[in-house]
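Participant: Next up, protein28.cif (mmCIF, C-alpha atoms).
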```cif
data_data
#
loop_
_atom_site.label_atom_id
_atom_site.label_comp_id
_atom_site.auth_asym_id
_atom_site.auth_seq_id
_atom_site.Cartn_x
_atom_site.Cartn_y
_atom_site.Cartn_z
CA MET Y 671 168.23 20.34 -17.31
CA ARG Y 672 167.75 24.08 -17.67
CA GLU Y 673 167.60 23.67 -21.43
CA TRP Y 674 165.06 20.86 -21.05
CA LEU Y 675 162.86 23.08 -18.91
CA ARG Y 676 163.10 26.07 -21.21
CA ASP Y 677 161.83 24.02 -24.14
CA ARG Y 678 158.86 22.85 -22.15
CA GLU Y 679 158.14 25.98 -20.16
CA HIS Y 680 154.93 26.69 -22.06
CA LEU Y 681 153.66 23.22 -21.23
CA VAL Y 682 154.37 23.71 -17.54
CA ARG Y 683 152.60 27.08 -17.57
CA MET Y 684 149.61 25.54 -19.21
CA GLY Y 685 149.65 22.70 -16.69
CA ILE Y 686 149.64 25.15 -13.78
CA LEU Y 687 146.82 27.14 -15.33
CA PHE Y 688 144.83 23.97 -15.87
CA ALA Y 689 145.42 22.77 -12.30
CA GLY Y 690 144.35 26.19 -11.02
CA ALA Y 691 141.17 26.15 -13.06
CA LEU Y 692 140.41 22.62 -11.86
CA ALA Y 693 140.88 23.68 -8.23
CA VAL Y 694 138.55 26.65 -8.72
CA PHE Y 695 135.98 24.37 -10.37
CA LEU Y 696 136.15 21.85 -7.52
CA VAL Y 697 135.79 24.53 -4.86
CA VAL Y 698 132.87 26.21 -6.65
CA ARG Y 699 131.21 22.84 -7.21
CA ALA Y 700 131.58 21.85 -3.56
CA VAL Y 701 129.99 25.14 -2.50
CA MET Y 702 127.21 25.27 -5.09
CA VAL Y 703 125.96 21.66 -5.25
CA PRO Y 704 123.65 20.88 -2.31
CA LYS Y 705 124.78 18.10 0.02
CA ASP Y 706 121.72 15.99 -0.79
CA PHE Y 707 122.14 16.15 -4.57
CA GLY Y 708 122.52 12.74 -6.19
CA THR Y 709 121.47 10.41 -3.34
CA TYR Y 710 118.76 8.75 -5.46
CA GLY Y 711 119.68 10.07 -8.90
CA HIS Y 712 120.49 13.28 -10.72
CA PHE Y 713 118.35 15.50 -8.52
CA ARG Y 714 118.19 17.21 -5.13
CA THR Y 715 116.68 14.76 -2.64
CA GLY Y 716 115.07 17.67 -0.78
CA ALA Y 717 112.82 18.19 -3.81
CA LEU Y 718 110.88 15.08 -2.69
CA ALA Y 719 110.13 16.76 0.65
CA ASP Y 720 109.24 20.01 -1.18
CA ASN Y 721 106.64 18.13 -3.22
CA MET Y 722 105.32 16.36 -0.12
CA ALA Y 723 104.93 19.66 1.72
CA HIS Y 724 102.10 20.90 -0.50
CA PRO Y 725 98.97 21.44 1.65
CA LEU Y 726 95.94 19.16 1.33
CA VAL Y 727 92.72 20.61 -0.08
CA PHE Y 728 90.62 17.46 -0.50
CA ALA Y 729 90.27 15.49 2.73
CA GLY Y 730 89.46 12.10 1.20
CA ARG Y 731 86.40 9.95 1.83
CA GLN Y 732 88.01 8.23 4.81
CA ALA Y 733 88.08 11.52 6.72
CA CYS Y 734 84.41 12.20 5.85
CA GLY Y 735 83.35 8.75 7.07
CA ASP Y 736 85.16 9.20 10.38
CA CYS Y 737 82.39 11.56 11.51
CA HIS Y 738 79.55 11.04 9.04
CA ASP Y 739 79.22 7.28 9.44
CA ASP Y 740 75.41 7.57 9.25
CA ILE Y 741 75.69 8.89 5.68
CA VAL Y 742 78.15 6.16 4.76
CA ALA Y 743 75.67 3.59 6.07
CA SER Y 744 72.79 5.18 4.15
CA ARG Y 745 74.71 4.84 0.88
CA LYS Y 746 75.28 1.08 1.32
CA GLY Y 747 74.15 -0.86 -1.72
CA SER Y 748 73.29 2.21 -3.75
CA LYS Y 749 74.55 3.01 -7.22
CA HIS Y 750 76.32 6.02 -5.71
CA GLU Y 751 78.04 4.06 -2.95
CA GLN Y 752 81.51 4.18 -4.51
CA ILE Y 753 81.48 7.90 -5.29
CA GLY Y 754 83.75 10.04 -3.12
CA CYS Y 755 81.85 12.54 -0.94
CA GLU Y 756 83.90 15.45 -2.28
CA ALA Y 757 82.90 14.60 -5.87
CA CYS Y 758 79.65 16.46 -5.15
CA HIS Y 759 80.30 18.32 -1.88
CA GLY Y 760 83.60 19.90 -2.98
CA ALA Y 761 87.04 20.06 -1.35
CA LEU Y 762 86.64 19.87 2.42
CA GLU Y 763 90.01 19.42 4.09
CA ALA Y 764 89.55 22.82 5.78
CA HIS Y 765 86.28 21.54 7.27
CA ALA Y 766 87.66 18.10 8.17
CA SER Y 767 90.80 19.35 9.91
CA ALA Y 768 89.21 22.33 11.68
CA ASP Y 769 89.13 22.41 15.48
CA ASP Y 770 85.41 23.07 15.19
CA PRO Y 771 84.23 21.55 11.89
CA SER Y 772 80.66 22.81 12.42
CA ALA Y 773 81.95 26.39 12.16
CA LEU Y 774 83.16 25.67 8.62
CA LYS Y 775 80.12 23.91 7.23
CA PRO Y 776 80.19 23.34 3.48
CA LYS Y 777 77.39 24.68 1.33
CA LEU Y 778 74.97 22.08 0.01
CA PRO Y 779 75.47 21.45 -3.72
CA ASP Y 780 72.89 23.02 -6.03
CA VAL Y 781 70.73 20.01 -6.94
CA LYS Y 782 69.50 21.69 -10.13
CA THR Y 783 72.99 21.61 -11.66
CA ILE Y 784 75.14 19.11 -9.76
CA CYS Y 785 73.28 15.99 -10.97
CA LEU Y 786 73.52 17.10 -14.59
CA VAL Y 787 77.32 17.43 -14.36
CA CYS Y 788 77.29 13.65 -14.75
CA HIS Y 789 73.82 12.75 -15.98
CA ARG Y 790 73.24 15.23 -18.83
CA GLU Y 791 72.80 13.37 -22.11
CA ASN Y 792 75.89 13.18 -24.34
CA VAL Y 793 76.62 10.78 -27.22
CA ALA Y 794 80.22 10.37 -26.09
CA LYS Y 795 79.15 8.92 -22.74
CA PRO Y 796 79.36 5.14 -22.44
CA ALA Y 797 76.16 3.37 -23.48
CA GLY Y 798 74.29 2.15 -20.44
CA PHE Y 799 75.26 5.10 -18.29
CA PRO Y 800 72.02 6.70 -17.04
CA GLN Y 801 71.69 10.05 -18.85
CA VAL Y 802 68.77 12.40 -19.29
CA ASP Y 803 67.77 15.44 -21.26
CA PRO Y 804 66.40 17.73 -18.53
CA LYS Y 805 63.81 19.00 -21.03
CA ASP Y 806 62.22 15.55 -21.26
CA HIS Y 807 62.84 14.30 -17.73
CA GLY Y 808 61.67 15.51 -14.37
CA ASP Y 809 59.38 18.46 -15.21
CA GLY Y 810 62.19 20.96 -14.56
CA GLY Y 811 61.99 20.36 -10.82
CA PRO Y 812 65.04 19.61 -8.70
CA CYS Y 813 66.17 15.98 -9.08
CA THR Y 814 65.86 15.56 -5.30
CA SER Y 815 62.07 15.76 -5.47
CA CYS Y 816 62.17 12.14 -6.73
CA HIS Y 817 65.74 10.91 -6.19
CA ASN Y 818 67.76 10.77 -2.97
CA PRO Y 819 71.29 11.66 -4.09
CA HIS Y 820 72.83 9.28 -1.54
CA HIS Y 821 70.61 6.43 -2.76
CA PRO Y 822 69.23 7.52 -6.16
CA GLU Y 823 67.33 4.37 -7.13
CA ILE Y 824 63.55 4.66 -7.30
CA SER Y 825 61.99 1.50 -5.94
CA MET H 874 135.29 18.13 23.82
CA GLU H 875 133.78 15.54 26.16
CA ALA H 876 130.27 16.59 25.16
CA ASP H 877 131.18 16.54 21.47
CA ARG H 878 132.42 12.99 21.72
CA ARG H 879 129.32 11.89 23.55
CA GLU H 880 127.11 13.58 20.92
CA PHE H 881 129.09 11.94 18.13
CA LEU H 882 128.85 8.47 19.66
CA LYS H 883 125.12 8.94 20.26
CA GLN H 884 124.42 10.05 16.71
CA THR H 885 126.56 7.32 15.13
CA GLY H 886 125.10 4.68 17.42
CA LEU H 887 121.58 5.78 16.55
CA LEU H 888 122.34 5.73 12.85
CA LEU H 889 123.92 2.28 13.03
CA VAL H 890 121.16 0.76 15.13
CA LEU H 891 118.14 2.44 13.58
CA THR H 892 119.20 3.45 10.04
CA GLY H 893 117.16 5.43 7.56
CA ALA H 894 113.46 5.84 8.25
CA ALA H 895 113.69 4.70 11.86
CA ALA H 896 116.38 7.30 12.65
CA GLN H 897 114.09 9.94 11.13
CA ALA H 898 111.22 8.76 13.31
CA TRP H 899 113.39 8.84 16.46
CA ASP H 900 113.15 12.65 16.65
CA PHE H 901 109.36 12.37 16.84
CA VAL H 902 109.58 9.66 19.49
CA LEU H 903 111.81 11.89 21.61
CA ALA H 904 109.39 14.80 21.12
CA GLY H 905 106.64 12.60 22.60
CA GLU H 906 104.53 12.44 19.44
CA PRO H 907 105.52 9.23 17.65
CA GLU H 908 102.25 9.20 15.70
CA LYS H 909 103.50 12.17 13.68
CA ALA H 910 106.63 10.34 12.44
CA PRO H 911 106.72 9.83 8.67
CA THR H 912 105.98 6.21 7.87
CA TYR H 913 106.26 6.49 4.10
CA LYS H 914 109.03 4.29 2.71
CA LEU H 915 110.31 5.56 -0.60
CA LEU H 916 111.51 2.24 -1.92
CA ASP H 917 108.37 0.27 -1.04
CA HIS H 918 106.24 1.85 -3.78
CA TRP H 919 106.07 2.04 -7.57
CA TRP H 920 103.14 4.24 -8.52
CA ALA H 921 101.01 3.87 -11.65
CA MET H 922 97.59 4.94 -12.89
CA ALA H 923 94.82 2.70 -14.22
CA MET H 924 92.45 4.48 -16.62
CA ASP H 925 89.25 3.03 -17.98
CA ILE H 926 88.00 4.77 -21.12
CA ARG H 927 84.87 2.61 -21.07
CA LYS H 928 83.90 4.26 -17.80
CA CYS H 929 84.81 7.93 -18.41
CA ILE H 930 81.71 10.12 -18.74
CA GLY H 931 83.57 13.40 -19.38
CA CYS H 932 82.11 15.14 -16.32
CA GLY H 933 85.34 17.07 -15.72
CA ASN H 934 85.42 16.40 -11.98
CA CYS H 935 89.07 15.32 -12.24
CA VAL H 936 90.09 18.50 -14.08
CA ARG H 937 88.40 20.77 -11.55
CA ALA H 938 89.65 18.81 -8.52
CA CYS H 939 93.22 18.82 -9.84
CA LYS H 940 93.21 22.58 -10.28
CA THR H 941 91.73 23.06 -6.79
CA GLU H 942 94.10 20.68 -5.05
CA ASN H 943 97.26 21.88 -6.74
CA GLY H 944 96.48 25.57 -7.18
CA VAL H 945 96.74 25.33 -10.98
CA LEU H 946 95.85 28.55 -12.80
CA LEU H 947 92.36 28.62 -14.31
CA GLU H 948 93.81 29.47 -17.74
CA PRO H 949 92.86 27.37 -20.74
CA ASP H 950 96.46 26.25 -21.29
CA CYS H 951 97.36 25.33 -17.73
CA PHE H 952 96.39 21.73 -17.02
CA ARG H 953 97.92 18.92 -15.04
CA THR H 954 95.12 16.66 -16.20
CA TRP H 955 92.49 17.16 -18.87
CA VAL H 956 89.85 15.20 -20.78
CA GLU H 957 89.62 14.88 -24.57
CA ARG H 958 86.55 13.98 -26.61
CA TYR H 959 87.12 11.79 -29.67
CA HIS H 960 84.77 11.70 -32.64
CA VAL H 961 85.88 8.92 -34.98
CA HIS H 962 84.20 8.12 -38.24
CA PRO H 963 84.58 4.44 -39.14
CA ASP H 964 85.47 5.37 -42.75
CA ASP H 965 88.43 7.44 -41.63
CA PRO H 966 89.75 6.21 -38.26
CA GLU H 967 93.14 7.78 -39.01
CA HIS H 968 91.77 11.29 -38.66
CA PRO H 969 89.65 11.55 -35.52
CA GLU H 970 88.10 14.86 -34.57
CA VAL H 971 89.40 15.73 -31.12
CA ASP H 972 88.28 18.52 -28.86
CA SER H 973 88.83 19.46 -25.26
CA PRO H 974 87.01 22.72 -24.46
CA ASN H 975 88.91 24.30 -21.56
CA GLY H 976 90.37 20.85 -20.90
CA GLY H 977 86.92 19.56 -19.99
CA TYR H 978 86.83 21.88 -16.96
CA ASP H 979 83.28 23.01 -17.81
CA GLY H 980 82.15 19.65 -19.15
CA PHE H 981 81.41 18.87 -22.78
CA PRO H 982 78.44 20.60 -24.43
CA GLU H 983 76.77 18.19 -26.85
CA LYS H 984 78.34 18.60 -30.29
CA TYR H 985 77.57 15.40 -32.17
CA LYS H 986 74.38 13.58 -33.05
CA ALA H 987 73.55 10.05 -32.07
CA GLY H 988 73.12 7.61 -34.95
CA ASP H 989 75.46 9.24 -37.49
CA GLY H 990 77.57 6.08 -37.53
CA SER H 991 80.45 7.66 -35.66
CA LYS H 992 82.24 6.46 -32.55
CA ASN H 993 82.42 8.92 -29.65
CA PHE H 994 84.26 8.60 -26.37
CA PHE H 995 86.22 10.52 -23.73
CA VAL H 996 89.91 10.03 -22.96
CA PRO H 997 91.27 11.31 -19.64
CA LYS H 998 94.86 12.45 -20.01
CA MET H 999 97.62 13.26 -17.53
CA CYS H 1000 101.32 12.71 -16.96
CA ASN H 1001 102.12 9.07 -17.71
CA HIS H 1002 104.86 9.01 -15.04
CA CYS H 1003 107.15 7.22 -17.47
CA ALA H 1004 109.88 5.00 -16.12
CA HIS H 1005 112.18 6.27 -18.91
CA SER H 1006 110.89 9.81 -19.28
CA PRO H 1007 112.06 11.86 -22.27
CA CYS H 1008 111.39 15.01 -20.21
CA VAL H 1009 113.84 13.91 -17.53
CA GLN H 1010 116.49 13.01 -20.09
CA VAL H 1011 116.54 16.48 -21.62
CA CYS H 1012 116.56 18.54 -18.41
CA PRO H 1013 119.96 20.26 -18.33
CA VAL H 1014 119.97 21.00 -14.59
CA GLY H 1015 118.39 18.01 -12.83
CA ALA H 1016 115.23 19.98 -12.07
CA THR H 1017 112.94 17.15 -13.15
CA PHE H 1018 113.46 13.57 -12.20
CA GLU H 1019 111.96 10.13 -11.70
CA SER H 1020 111.60 9.60 -7.97
CA PRO H 1021 112.59 6.21 -6.51
CA ASP H 1022 108.86 5.43 -6.10
CA GLY H 1023 108.10 6.01 -9.78
CA VAL H 1024 106.76 9.57 -9.92
CA VAL H 1025 108.09 12.21 -12.32
CA LEU H 1026 108.51 15.34 -10.21
CA VAL H 1027 109.78 18.90 -10.64
CA ASP H 1028 112.23 20.71 -8.39
CA LYS H 1029 110.90 24.26 -8.75
CA THR H 1030 113.95 25.77 -7.07
CA TYR H 1031 116.16 24.29 -9.80
CA CYS H 1032 113.98 24.81 -12.88
CA LEU H 1033 115.31 27.46 -15.26
CA GLY H 1034 112.17 27.57 -17.38
CA CYS H 1035 114.13 26.56 -20.49
CA ARG H 1036 111.14 24.60 -21.88
CA TYR H 1037 113.20 21.64 -23.20
CA CYS H 1038 111.01 19.23 -21.23
CA VAL H 1039 107.80 20.85 -22.51
CA GLN H 1040 108.89 19.97 -26.03
CA ALA H 1041 110.27 16.56 -25.10
CA CYS H 1042 107.09 15.19 -23.49
CA PRO H 1043 105.33 13.16 -26.21
CA TYR H 1044 102.05 13.45 -24.32
CA GLY H 1045 101.90 17.25 -23.94
CA CYS H 1046 101.69 17.00 -20.17
CA ARG H 1047 103.85 20.00 -19.26
CA TYR H 1048 103.29 23.74 -19.34
CA ILE H 1049 105.06 26.82 -18.07
CA ASP H 1050 103.41 28.39 -15.04
CA PRO H 1051 103.32 32.10 -15.88
CA ARG H 1052 103.45 33.05 -12.19
CA THR H 1053 106.88 31.50 -11.61
CA GLU H 1054 108.16 31.00 -15.18
CA THR H 1055 109.00 27.45 -14.18
CA VAL H 1056 107.57 24.23 -15.53
CA ASP H 1057 104.54 22.64 -13.94
CA LYS H 1058 103.03 19.20 -14.36
CA CYS H 1059 101.09 16.45 -12.60
CA SER H 1060 102.91 15.40 -9.42
CA LEU H 1061 100.57 12.43 -8.99
CA CYS H 1062 99.50 14.39 -5.88
CA TYR H 1063 102.79 13.40 -4.26
CA HIS H 1064 101.73 15.24 -1.09
CA ARG H 1065 98.65 13.00 -0.90
CA ILE H 1066 99.94 9.59 -1.94
CA THR H 1067 102.83 9.80 0.53
CA LYS H 1068 100.22 10.29 3.28
CA GLY H 1069 98.19 7.25 2.28
CA LEU H 1070 95.52 9.20 0.37
CA THR H 1071 94.68 8.80 -3.29
CA THR H 1072 95.14 11.59 -5.85
CA ALA H 1073 92.56 14.40 -6.03
CA CYS H 1074 91.40 13.28 -9.51
CA CYS H 1075 90.86 9.69 -8.35
CA GLU H 1076 89.17 10.89 -5.17
CA VAL H 1077 86.42 12.70 -7.09
CA CYS H 1078 86.02 10.48 -10.17
CA PRO H 1079 82.41 9.32 -9.84
CA MET H 1080 82.93 6.36 -12.18
CA GLY H 1081 86.19 5.02 -10.80
CA ALA H 1082 87.50 5.57 -14.33
CA ARG H 1083 90.93 6.36 -12.98
CA LYS H 1084 92.52 4.57 -10.09
CA LEU H 1085 95.89 5.11 -8.50
CA GLY H 1086 97.84 1.88 -8.14
CA ASP H 1087 100.99 0.76 -6.39
CA LEU H 1088 102.69 -1.88 -8.53
CA LYS H 1089 104.96 -2.89 -5.65
CA ASP H 1090 101.98 -3.73 -3.44
CA PRO H 1091 100.90 -7.28 -4.34
CA LYS H 1092 97.45 -6.66 -2.81
CA ASP H 1093 96.74 -3.54 -4.92
CA PRO H 1094 93.68 -3.99 -7.19
CA ILE H 1095 95.68 -2.55 -10.11
CA HIS H 1096 97.13 -6.03 -10.68
CA ASP H 1097 93.64 -7.40 -11.32
CA PHE H 1098 92.87 -4.42 -13.56
CA LEU H 1099 95.98 -5.12 -15.66
CA LYS H 1100 95.27 -8.86 -15.75
CA ASP H 1101 91.55 -8.77 -16.51
CA HIS H 1102 91.53 -6.13 -19.27
CA MET H 1103 93.17 -5.60 -22.63
CA ILE H 1104 95.62 -2.87 -21.64
CA HIS H 1105 97.45 -0.35 -23.76
CA VAL H 1106 99.62 2.69 -23.08
CA LEU H 1107 99.81 5.89 -25.14
CA LYS H 1108 102.53 5.93 -27.84
CA PRO H 1109 104.25 2.65 -26.90
CA GLU H 1110 106.53 3.15 -29.91
CA MET H 1111 108.24 5.96 -27.98
CA ALA H 1112 109.49 3.41 -25.40
CA THR H 1113 108.86 5.84 -22.56
CA GLY H 1114 107.88 3.16 -20.05
CA ALA H 1115 104.56 4.96 -19.56
CA LYS H 1116 102.70 3.95 -16.41
CA ALA H 1117 99.25 5.31 -17.27
CA TYR H 1118 97.56 2.07 -18.31
CA TYR H 1119 94.39 2.39 -20.40
CA ASN H 1120 91.57 -0.07 -20.83
CA GLY H 1121 89.58 0.37 -24.03
CA LEU H 1122 92.13 2.64 -25.71
CA ASP H 1123 91.11 3.08 -29.35
CA GLY H 1124 93.81 3.03 -32.03
CA SER H 1125 92.75 6.51 -33.12
CA VAL H 1126 93.87 8.07 -29.81
CA ARG H 1127 97.06 10.09 -30.05
#
```
Represent the structure of the file as structure tokens.

Facilitator:
Amino acid sequence: MREWLRDREHLVRMGILFAGALAVFLVVRAVMVPKDFGTYGHFRTGALADNMAHPLVFAGRQACGDCHDDIVASRKGSKHEQIGCEACHGALEAHASADDPSALKPKLPDVKTICLVCHRENVAKPAGFPQVDPKDHGDGGPCTSCHNPHHPEIS
Amino acid sequence: MEADRREFLKQTGLLLVLTGAAAQAWDFVLAGEPEKAPTYKLLDHWWAMAMDIRKCIGCGNCVRACKTENGVLLEPDCFRTWVERYHVHPDDPEHPEVDSPNGGYDGFPEKYKAGDGSKNFFVPKMCNHCAHSPCVQVCPVGATFESPDGVVLVDKTYCLGCRYCVQACPYGCRYIDPRTETVDKCSLCYHRITKGLTTACCEVCPMGARKLGDLKDPKDPIHDFLKDHMIHVLKPEMATGAKAYYNGLDGSVR
């Protein structure tokens, strides 16, 4: 028996070393890997909540319509009806969620530039999309002198 | 001991009876504000994006809104979404001229002339939220992943900034945020869509050229979009399971 052990002593030593290393690995792993890792896949489930926690900046057209229902009504049937309010008026979550929204009134868009963001002539724009060269159209005046931005059609 | 047992029975009972989302909501009910309880169910959604190249006017609203909503740096190589302009000559459709000045953030100054026989159009680009994402496969630490509702997200606390995923993405949708030295990419406005809002880019697109869709919702208009148009995804040969579906995608688009 003693002889048998002596011949294999190096194997036993290696086995003990290996078992020790495995134990250390398991302990370190249990400490380091978060409890919620791997619930839905190879990631920390808390990362979903981290991504959800980002603050809102754009309120969304629903929030605008909650108070400004008169404007929503005035856009009915217009070519601009489907455009989100914040497409022209900018990000307004701070205004929408304020205790006193009137204290945080957004600035009116500059009508000399905002219309041209979309309507300036460009060959890459889809044919049929209304586009103008401001040099040939409108005498350089603000677009609002003829067009109502909430209902831009001229009857 | 007595109190511990009572607590244990209460917690287990609650978990057994309510399970999952309802158990989460119970805390809010007890606090007297049930309307604040999260109602978003992870497994009830499978998000995708419908893009219509025939509608895109290259105004850059999406690019600006994305940067505003997500606090993306205003550097010319930091984009979660951007717009490209294609100039394709019919004699040589294999070699389109593509430009994207500042990602389309400042719009597209006129560069080409009408009537030169070329084809010109805009292509909005963003993360394709692939179902089999190459970027997720190469991440060595599980810092990027496909969420159960079909969004490719980043765990910034885990990201090492090794840049494997930046190289792996066939669509060029990832960049390293120099402020944190971690990767950044489109999160499909995860903080918005889980609250019932649409993404910032969709919110401000004046043409409805991009529309968020939930493929698990049978009433979502994306099903009609996919049915009524000839749909293509970018680089289908990569078998990424891309979920940014394009209408009117020209063969010259890379």

Participant: Select all residues from chain H having any atom no more than 7 Å from an atom of chain Y (counting all atoms listed in the file, ignoring ligands), output as a list in words.

Facilitator: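 Here they are: Arg927, Lys928, Ile930, Cys932, Asn934, Glu942, Glu983, Tyr985, Lys986, Ala987, Asn993, Phe994, Phe995, Gly1015, Ala1016, Phe1018, Pro1021, Asp1028, Tyr1063, His1064, Leu1070, Ala1073, Glu1076, Val1077, Cys1078 and Pro1079 of chain H.
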
Participant: With distances taken over only C-alpha atoms, which of H:Leu947, H:Leu1026, H:Ala1082, H:Ala1117 is nearest to Gly931 (chain H)?

Facilitator: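 Answer, going by the shortest atom-to-atom distance: H:Ala1082.
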
Participant: Record the distance separating CA of Lys998 (chain H) and CA of Cys785 (chain Y), expressed in Å with one decimal.

Facilitator: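 Interatomic distance here is 23.7 Å.
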
Participant: Show which residues sit within 7 Å of Val971 (chain H), as a list in words. Count only C-alpha atoms, and ignore same-chain residues fewer than 2 positions away.

Facilitator: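 Counting only C-alpha atoms, the residues come to Glu957, Arg958, Tyr959, His960, Pro969 and Ser973 of chain H.
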
Participant: In Å, rounded to a single decimal, give me how far CA of Leu946 (chain H) is from CA of Ala923 (chain H).

Facilitator: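 The value is 25.9 Å.
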
Participant: Which distance in Å separates CA of His820 (chain Y) and CA of Asp780 (chain Y), to one decimal?

Facilitator: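 The value is 14.5 Å.
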
Participant: Quick one: residues within 8 Å of Ile1104 (chain H), all atoms listed in the file counted, chain neighbours fewer than 4 positions away excluded, as a compact mmCIF listing (two decimals) with C-alpha atoms, in the frame of the given file?

Facilitator:
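Everything below was put into around.txt:
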```txt
# COMPACT_ATOMS: atom_id res chain seq x y z
CA LEU H 1099 95.98 -5.12 -15.66
CA TYR H 1118 97.56 2.07 -18.31
CA TYR H 1119 94.39 2.39 -20.40
CA ASN H 1120 91.57 -0.07 -20.83
CA GLY H 1121 89.58 0.37 -24.03
CA LEU H 1122 92.13 2.64 -25.71
```

Participant: Can you work out which one of H:Phe881, H:Tyr913, H:Phe981, H:Tyr1044 has the shortest atom-to-atom distance to Ser1006 (chain H), counting all atoms listed in the file?

Facilitator: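 Residue with the minimum atom-to-atom distance to Ser1006 (chain H): H:Tyr1044.
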
Participant: Apply the PyMOL selection byres ((chain H and resi 1045) around 10) to the structure shown and report the selected residues as a PyMOL selection string.

Facilitator: chain H and resi 952-953+998-1000+1038-1044+1046-1048+1058

Participant: At a cut-off of 12 Å, using only C-alpha atoms, what residues contact Ile824 (chain Y)? Leave out same-chain residues fewer than 5 positions from it and give the result as a PyMOL selection string.

Facilitator: chain Y and resi 748-749+813-819

Participant: Just add all heavy atoms to region 985-990 of chain H and send it as a tab-separated table (two decimals), in the frame of the given file.

Facilitator:
```
chain	number	residue	atom	x	y	z
H	985	TYR	N	77.82	16.39	-31.12
H	985	TYR	CA	77.57	15.40	-32.17
H	985	TYR	C	76.18	14.80	-32.00
H	985	TYR	O	75.59	14.85	-30.93
H	985	TYR	CB	78.65	14.31	-32.13
H	985	TYR	CG	80.03	14.88	-32.19
H	985	TYR	CD1	80.88	14.83	-31.09
H	985	TYR	CD2	80.50	15.50	-33.35
H	985	TYR	CE1	82.16	15.36	-31.14
H	985	TYR	CE2	81.78	16.05	-33.41
H	985	TYR	CZ	82.60	15.97	-32.30
H	985	TYR	OH	83.85	16.50	-32.35
H	986	LYS	N	75.71	14.18	-33.09
H	986	LYS	CA	74.38	13.58	-33.05
H	986	LYS	C	74.49	12.07	-32.94
H	986	LYS	O	75.36	11.47	-33.55
H	986	LYS	CB	73.61	13.95	-34.33
H	986	LYS	CG	73.05	15.36	-34.29
H	986	LYS	CD	71.79	15.44	-35.17
H	986	LYS	CE	71.16	16.81	-35.04
H	986	LYS	NZ	72.00	17.88	-35.65
H	987	ALA	N	73.58	11.50	-32.18
H	987	ALA	CA	73.55	10.05	-32.07
H	987	ALA	C	73.09	9.47	-33.41
H	987	ALA	O	72.31	10.10	-34.13
H	987	ALA	CB	72.59	9.63	-30.96
H	988	GLY	N	73.60	8.30	-33.77
H	988	GLY	CA	73.12	7.61	-34.95
H	988	GLY	C	73.71	8.10	-36.26
H	988	GLY	O	73.17	7.80	-37.33
H	989	ASP	N	74.83	8.86	-36.23
H	989	ASP	CA	75.46	9.24	-37.49
H	989	ASP	C	76.56	8.26	-37.88
H	989	ASP	O	77.38	8.53	-38.75
H	989	ASP	CB	76.01	10.67	-37.42
H	989	ASP	CG	77.17	10.80	-36.44
H	989	ASP	OD1	77.41	9.84	-35.68
H	989	ASP	OD2	77.84	11.85	-36.44
H	990	GLY	N	76.60	7.12	-37.19
H	990	GLY	CA	77.57	6.08	-37.53
H	990	GLY	C	78.95	6.32	-36.96
H	990	GLY	O	79.87	5.55	-37.22
```
